[in-house]
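*Asks:* Just one file: protein.pdb, with PDB, N, CA and C atoms.
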ATOM      1  N   MET B   1      71.268  81.190 103.915
ATOM      2  CA  MET B   1      71.022  79.792 104.168
ATOM      3  C   MET B   1      69.707  79.411 103.490
ATOM      4  N   ALA B   2      69.759  78.431 102.614
ATOM      5  CA  ALA B   2      68.579  77.992 101.874
ATOM      6  C   ALA B   2      67.767  77.002 102.702
ATOM      7  N   LYS B   3      66.482  76.989 102.401
ATOM      8  CA  LYS B   3      65.617  76.039 103.095
ATOM      9  C   LYS B   3      65.867  74.634 102.560
ATOM     10  N   ASN B   4      65.844  73.675 103.453
ATOM     11  CA  ASN B   4      65.978  72.286 103.035
ATOM     12  C   ASN B   4      64.623  71.765 102.590
ATOM     13  N   THR B   5      64.614  70.998 101.532
ATOM     14  CA  THR B   5      63.359  70.398 101.105
ATOM     15  C   THR B   5      63.038  69.245 102.037
ATOM     16  N   VAL B   6      61.819  69.172 102.473
ATOM     17  CA  VAL B   6      61.399  68.159 103.431
ATOM     18  C   VAL B   6      60.833  66.973 102.656
ATOM     19  N   ALA B   7      61.347  65.799 102.952
ATOM     20  CA  ALA B   7      60.887  64.598 102.257
ATOM     21  C   ALA B   7      59.447  64.268 102.644
ATOM     22  N   GLU B   8      59.121  64.439 103.915
ATOM     23  CA  GLU B   8      57.757  64.193 104.366
ATOM     24  C   GLU B   8      57.278  65.387 105.182
ATOM     25  N   SER B   9      56.009  65.680 105.095
ATOM     26  CA  SER B   9      55.475  66.856 105.770
ATOM     27  C   SER B   9      55.466  66.663 107.280
ATOM     28  N   GLU B  10      55.316  67.769 107.973
ATOM     29  CA  GLU B  10      55.256  67.735 109.439
ATOM     30  C   GLU B  10      54.055  66.917 109.896
ATOM     31  N   GLU B  11      52.968  67.029 109.149
ATOM     32  CA  GLU B  11      51.755  66.297 109.501
ATOM     33  C   GLU B  11      51.980  64.787 109.442
ATOM     34  N   VAL B  12      52.663  64.320 108.423
ATOM     35  CA  VAL B  12      52.929  62.887 108.276
ATOM     36  C   VAL B  12      53.841  62.404 109.394
ATOM     37  N   ARG B  13      54.861  63.217 109.701
ATOM     38  CA  ARG B  13      55.783  62.847 110.774
ATOM     39  C   ARG B  13      55.059  62.740 112.113
ATOM     40  N   LEU B  14      54.199  63.720 112.396
ATOM     41  CA  LEU B  14      53.453  63.700 113.664
ATOM     42  C   LEU B  14      52.494  62.523 113.713
ATOM     43  N   ARG B  15      51.876  62.211 112.582
ATOM     44  CA  ARG B  15      50.944  61.079 112.539
ATOM     45  C   ARG B  15      51.670  59.782 112.878
ATOM     46  N   LYS B  16      52.898  59.623 112.362
ATOM     47  CA  LYS B  16      53.693  58.425 112.656
ATOM     48  C   LYS B  16      54.060  58.361 114.141
ATOM     49  N   LYS B  17      54.459  59.517 114.697
ATOM     50  CA  LYS B  17      54.828  59.554 116.118
ATOM     51  C   LYS B  17      53.641  59.206 117.002
ATOM     52  N   VAL B  18      52.473  59.751 116.681
ATOM     53  CA  VAL B  18      51.279  59.491 117.487
ATOM     54  C   VAL B  18      50.918  58.020 117.441
ATOM     55  N   SER B  19      50.951  57.436 116.247
ATOM     56  CA  SER B  19      50.592  56.017 116.141
ATOM     57  C   SER B  19      51.611  55.132 116.852
ATOM     58  N   ALA B  20      52.894  55.498 116.807
ATOM     59  CA  ALA B  20      53.924  54.718 117.494
ATOM     60  C   ALA B  20      53.753  54.804 119.009
ATOM     61  N   LYS B  21      53.466  55.997 119.522
ATOM     62  CA  LYS B  21      53.293  56.141 120.969
ATOM     63  C   LYS B  21      52.027  55.448 121.452
ATOM     64  N   ARG B  22      50.969  55.520 120.642
ATOM     65  CA  ARG B  22      49.703  54.920 121.042
ATOM     66  C   ARG B  22      49.809  53.399 121.067
ATOM     67  N   ALA B  23      50.640  52.811 120.208
ATOM     68  CA  ALA B  23      50.766  51.358 120.117
ATOM     69  C   ALA B  23      51.345  50.759 121.402
ATOM     70  N   GLY B  24      52.251  51.463 122.042
ATOM     71  CA  GLY B  24      52.902  50.903 123.222
ATOM     72  C   GLY B  24      52.297  51.336 124.536
ATOM     73  N   HIS B  25      51.029  51.742 124.542
ATOM     74  CA  HIS B  25      50.417  52.265 125.758
ATOM     75  C   HIS B  25      49.218  51.448 126.204
ATOM     76  N   SER B  26      49.100  51.340 127.523
ATOM     77  CA  SER B  26      47.900  50.715 128.067
ATOM     78  C   SER B  26      46.843  51.784 128.333
ATOM     79  N   ASN B  27      47.292  53.015 128.637
ATOM     80  CA  ASN B  27      46.373  54.116 128.907
ATOM     81  C   ASN B  27      46.837  55.355 128.129
ATOM     82  N   PRO B  28      46.523  55.451 126.827
ATOM     83  CA  PRO B  28      47.010  56.594 126.040
ATOM     84  C   PRO B  28      46.375  57.920 126.423
ATOM     85  N   GLU B  29      45.194  57.896 127.046
ATOM     86  CA  GLU B  29      44.528  59.146 127.426
ATOM     87  C   GLU B  29      45.265  59.871 128.548
ATOM     88  N   GLY B  30      45.985  59.120 129.372
ATOM     89  CA  GLY B  30      46.656  59.710 130.517
ATOM     90  C   GLY B  30      48.045  60.237 130.223
ATOM     91  N   ASP B  31      48.552  60.046 129.035
ATOM     92  CA  ASP B  31      49.918  60.444 128.711
ATOM     93  C   ASP B  31      49.942  61.882 128.197
ATOM     94  N   ALA B  32      50.650  62.760 128.920
ATOM     95  CA  ALA B  32      50.714  64.173 128.544
ATOM     96  C   ALA B  32      51.506  64.368 127.245
ATOM     97  N   ALA B  33      52.561  63.594 127.048
ATOM     98  CA  ALA B  33      53.375  63.730 125.840
ATOM     99  C   ALA B  33      52.572  63.348 124.591
ATOM    100  N   LEU B  34      51.784  62.295 124.723
ATOM    101  CA  LEU B  34      50.946  61.869 123.602
ATOM    102  C   LEU B  34      49.875  62.915 123.306
ATOM    103  N   ARG B  35      49.334  63.500 124.352
ATOM    104  CA  ARG B  35      48.323  64.544 124.159
ATOM    105  C   ARG B  35      48.923  65.749 123.438
ATOM    106  N   ALA B  36      50.147  66.108 123.812
ATOM    107  CA  ALA B  36      50.822  67.229 123.158
ATOM    108  C   ALA B  36      51.067  66.932 121.682
ATOM    109  N   LEU B  37      51.464  65.702 121.382
ATOM    110  CA  LEU B  37      51.677  65.313 119.978
ATOM    111  C   LEU B  37      50.375  65.402 119.195
ATOM    112  N   ARG B  38      49.301  64.932 119.783
ATOM    113  CA  ARG B  38      48.003  64.982 119.088
ATOM    114  C   ARG B  38      47.557  66.415 118.863
ATOM    115  N   LYS B  39      47.834  67.300 119.841
ATOM    116  CA  LYS B  39      47.484  68.704 119.678
ATOM    117  C   LYS B  39      48.293  69.335 118.545
ATOM    118  N   ARG B  40      49.582  68.983 118.458
ATOM    119  CA  ARG B  40      50.415  69.495 117.365
ATOM    120  C   ARG B  40      49.915  68.989 116.026
ATOM    121  N   LEU B  41      49.492  67.722 115.988
ATOM    122  CA  LEU B  41      48.960  67.147 114.750
ATOM    123  C   LEU B  41      47.694  67.877 114.321
ATOM    124  N   LYS B  42      46.801  68.118 115.263
ATOM    125  CA  LYS B  42      45.555  68.828 114.943
ATOM    126  C   LYS B  42      45.847  70.242 114.449
ATOM    127  N   ARG B  43      46.849  70.899 115.030
ATOM    128  CA  ARG B  43      47.219  72.246 114.601
ATOM    129  C   ARG B  43      47.711  72.231 113.161
ATOM    130  N   GLU B  44      48.536  71.249 112.811
ATOM    131  CA  GLU B  44      49.037  71.127 111.437
ATOM    132  C   GLU B  44      47.891  70.871 110.458
ATOM    133  N   GLN B  45      46.936  70.030 110.867
ATOM    134  CA  GLN B  45      45.788  69.756 110.001
ATOM    135  C   GLN B  45      44.962  71.009 109.780
ATOM    136  N   ARG B  46      44.776  71.807 110.829
ATOM    137  CA  ARG B  46      44.031  73.062 110.689
ATOM    138  C   ARG B  46      44.741  74.012 109.744
ATOM    139  N   LYS B  47      46.083  74.083 109.856
ATOM    140  CA  LYS B  47      46.863  74.947 108.969
ATOM    141  C   LYS B  47      46.681  74.527 107.517
ATOM    142  N   ARG B  48      46.761  73.210 107.270
ATOM    143  CA  ARG B  48      46.637  72.709 105.901
ATOM    144  C   ARG B  48      45.259  73.015 105.326
ATOM    145  N   ARG B  49      44.229  72.790 106.134
ATOM    146  CA  ARG B  49      42.865  73.038 105.658
ATOM    147  C   ARG B  49      42.625  74.526 105.425
ATOM    148  N   ALA B  50      43.144  75.377 106.297
ATOM    149  CA  ALA B  50      42.970  76.822 106.144
ATOM    150  C   ALA B  50      43.682  77.316 104.893
ATOM    151  N   CYS B  51      44.865  76.788 104.642
ATOM    152  CA  CYS B  51      45.618  77.182 103.448
ATOM    153  C   CYS B  51      44.869  76.769 102.187
ATOM    154  N   ALA B  52      44.316  75.573 102.178
ATOM    155  CA  ALA B  52      43.558  75.098 101.022
ATOM    156  C   ALA B  52      42.327  75.966 100.795
ATOM    157  N   LEU B  53      41.670  76.362 101.880
ATOM    158  CA  LEU B  53      40.486  77.206 101.754
ATOM    159  C   LEU B  53      40.852  78.599 101.245
ATOM    160  N   ARG B  54      41.988  79.147 101.738
ATOM    161  CA  ARG B  54      42.441  80.453 101.253
ATOM    162  C   ARG B  54      42.742  80.401  99.761
ATOM    163  N   LYS B  55      43.413  79.336  99.320
ATOM    164  CA  LYS B  55      43.724  79.190  97.895
ATOM    165  C   LYS B  55      42.462  79.066  97.062
ATOM    166  N   LYS B  56      41.485  78.334  97.588
ATOM    167  CA  LYS B  56      40.222  78.159  96.875
ATOM    168  C   LYS B  56      39.505  79.495  96.729
ATOM    169  N   HIS B  57      39.478  80.283  97.791
ATOM    170  CA  HIS B  57      38.830  81.587  97.745
ATOM    171  C   HIS B  57      39.596  82.555  96.855
ATOM    172  N   ALA B  58      40.927  82.464  96.858
ATOM    173  CA  ALA B  58      41.746  83.355  96.041
ATOM    174  C   ALA B  58      41.562  83.059  94.559
ATOM    175  N   ALA B  59      41.312  81.789  94.251
ATOM    176  CA  ALA B  59      41.107  81.419  92.844
ATOM    177  C   ALA B  59      39.808  82.010  92.323
ATOM    178  N   GLY B  60      38.860  82.202  93.211
ATOM    179  CA  GLY B  60      37.585  82.786  92.812
ATOM    180  C   GLY B  60      36.746  81.817  92.009
ATOM    181  N   SER B  61      35.784  82.379  91.285
ATOM    182  CA  SER B  61      34.896  81.538  90.485
ATOM    183  C   SER B  61      35.256  81.699  89.016
ATOM    184  N   LYS B  62      36.449  81.274  88.655
ATOM    185  CA  LYS B  62      36.925  81.396  87.278
ATOM    186  C   LYS B  62      36.113  80.504  86.339
ATOM    187  N   SER B  63      35.685  79.389  86.831
ATOM    188  CA  SER B  63      34.964  78.437  85.967
ATOM    189  C   SER B  63      33.637  79.035  85.485
ATOM    190  N   LYS B  64      32.987  79.854  86.319
ATOM    191  CA  LYS B  64      31.715  80.473  85.915
ATOM    192  C   LYS B  64      31.947  81.489  84.811
ATOM    193  N   SER B  65      32.983  82.329  84.946
ATOM    194  CA  SER B  65      33.227  83.363  83.952
ATOM    195  C   SER B  65      33.722  82.763  82.633
ATOM    196  N   VAL B  66      34.484  81.686  82.688
ATOM    197  CA  VAL B  66      34.976  81.029  81.482
ATOM    198  C   VAL B  66      33.821  80.341  80.743
ATOM    199  N   ALA B  67      32.917  79.742  81.481
ATOM    200  CA  ALA B  67      31.792  79.049  80.868
ATOM    201  C   ALA B  67      30.798  80.046  80.258
ATOM    202  N   ALA B  68      30.695  81.229  80.846
ATOM    203  CA  ALA B  68      29.739  82.222  80.344
ATOM    204  C   ALA B  68      30.251  82.935  79.097
ATOM    205  N   ALA B  69      31.563  83.048  78.933
ATOM    206  CA  ALA B  69      32.124  83.780  77.799
ATOM    207  C   ALA B  69      31.811  83.139  76.452
ATOM    208  N   PRO B  70      31.992  81.813  76.263
ATOM    209  CA  PRO B  70      31.663  81.228  74.962
ATOM    210  C   PRO B  70      30.180  81.271  74.637
ATOM    211  N   ALA B  71      29.335  81.221  75.625
ATOM    212  CA  ALA B  71      27.886  81.234  75.388
ATOM    213  C   ALA B  71      27.449  82.590  74.843
ATOM    214  N   SER B  72      28.065  83.673  75.294
ATOM    215  CA  SER B  72      27.676  85.000  74.831
ATOM    216  C   SER B  72      28.299  85.328  73.479
ATOM    217  N   ALA B  73      29.351  84.642  73.070
ATOM    218  CA  ALA B  73      30.026  84.939  71.794
ATOM    219  C   ALA B  73      29.332  84.325  70.664
TER     220      ALA B  73
END
Translate the structure of the given file into structure tokens.
*Replies:*
Amino acid sequence: MAKNTVAESEEVRLRKKVSAKRAGHSNPEGDAALRALRKRLKREQRKRRACALRKKHAAGSKSKSVAAAPASA
């Protein structure tokens, strides 16, 4: 079974749900379902940021080594 391509990310979907639930509330702080959605959204944001940081660290400092090579030649 192949993975389906997602048109919009989980983060975008959660952001829409949170904004929709918050719009129809007089007391959004007291709603447990809204709090759970916000926690899921924050978790997705942490995942995205951690992945970006891992990729940045994995890339290393290629720009420094590339810039130093022509100067020494």
*Asks:* Just so the selection is clear, what residues does the PyMOL selection byres ((chain B and resi 31-40) around 8) cover here, as a JSON list (two decimals) with N, CA and C atoms, in the coordinates of the input?
*Replies:*
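Final output, result09.json:
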[["chain", "number", "residue", "atom", "x", "y", "z"],
["B", 10, "GLU", "N", 55.32, 67.77, 107.97],
["B", 10, "GLU", "CA", 55.26, 67.74, 109.44],
["B", 10, "GLU", "C", 54.06, 66.92, 109.90],
["B", 11, "GLU", "N", 52.97, 67.03, 109.15],
["B", 11, "GLU", "CA", 51.76, 66.30, 109.50],
["B", 11, "GLU", "C", 51.98, 64.79, 109.44],
["B", 14, "LEU", "N", 54.20, 63.72, 112.40],
["B", 14, "LEU", "CA", 53.45, 63.70, 113.66],
["B", 14, "LEU", "C", 52.49, 62.52, 113.71],
["B", 15, "ARG", "N", 51.88, 62.21, 112.58],
["B", 15, "ARG", "CA", 50.94, 61.08, 112.54],
["B", 15, "ARG", "C", 51.67, 59.78, 112.88],
["B", 17, "LYS", "N", 54.46, 59.52, 114.70],
["B", 17, "LYS", "CA", 54.83, 59.55, 116.12],
["B", 17, "LYS", "C", 53.64, 59.21, 117.00],
["B", 18, "VAL", "N", 52.47, 59.75, 116.68],
["B", 18, "VAL", "CA", 51.28, 59.49, 117.49],
["B", 18, "VAL", "C", 50.92, 58.02, 117.44],
["B", 21, "LYS", "N", 53.47, 56.00, 119.52],
["B", 21, "LYS", "CA", 53.29, 56.14, 120.97],
["B", 21, "LYS", "C", 52.03, 55.45, 121.45],
["B", 22, "ARG", "N", 50.97, 55.52, 120.64],
["B", 22, "ARG", "CA", 49.70, 54.92, 121.04],
["B", 22, "ARG", "C", 49.81, 53.40, 121.07],
["B", 27, "ASN", "N", 47.29, 53.02, 128.64],
["B", 27, "ASN", "CA", 46.37, 54.12, 128.91],
["B", 27, "ASN", "C", 46.84, 55.36, 128.13],
["B", 28, "PRO", "N", 46.52, 55.45, 126.83],
["B", 28, "PRO", "CA", 47.01, 56.59, 126.04],
["B", 28, "PRO", "C", 46.38, 57.92, 126.42],
["B", 29, "GLU", "N", 45.19, 57.90, 127.05],
["B", 29, "GLU", "CA", 44.53, 59.15, 127.43],
["B", 29, "GLU", "C", 45.26, 59.87, 128.55],
["B", 30, "GLY", "N", 45.98, 59.12, 129.37],
["B", 30, "GLY", "CA", 46.66, 59.71, 130.52],
["B", 30, "GLY", "C", 48.04, 60.24, 130.22],
["B", 41, "LEU", "N", 49.49, 67.72, 115.99],
["B", 41, "LEU", "CA", 48.96, 67.15, 114.75],
["B", 41, "LEU", "C", 47.69, 67.88, 114.32],
["B", 42, "LYS", "N", 46.80, 68.12, 115.26],
["B", 42, "LYS", "CA", 45.56, 68.83, 114.94],
["B", 42, "LYS", "C", 45.85, 70.24, 114.45],
["B", 43, "ARG", "N", 46.85, 70.90, 115.03],
["B", 43, "ARG", "CA", 47.22, 72.25, 114.60],
["B", 43, "ARG", "C", 47.71, 72.23, 113.16],
["B", 44, "GLU", "N", 48.54, 71.25, 112.81],
["B", 44, "GLU", "CA", 49.04, 71.13, 111.44],
["B", 44, "GLU", "C", 47.89, 70.87, 110.46],
["B", 45, "GLN", "N", 46.94, 70.03, 110.87],
["B", 45, "GLN", "CA", 45.79, 69.76, 110.00],
["B", 45, "GLN", "C", 44.96, 71.01, 109.78],
["B", 46, "ARG", "N", 44.78, 71.81, 110.83],
["B", 46, "ARG", "CA", 44.03, 73.06, 110.69],
["B", 46, "ARG", "C", 44.74, 74.01, 109.74]]
*Asks:* Quick one: pull the distance between atom C of Ser19 (chain B) and atom C of Arg48 (chain B), Å, one decimal.
*Replies:*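 The value is 22.2 Å.
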*Asks:* Quick check, in Å to one decimal: how far apart do CA of Ala23 (chain B) and CA of Ser9 (chain B) lie?
*Replies:* 21.6 Å
*Asks:* Please compute the CA of Lys56 (chain B)-CA of Arg13 (chain B) distance, one decimal, in Å.
*Replies:*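 CA of Lys56 (chain B) sits 25.9 Å away from CA of Arg13 (chain B).
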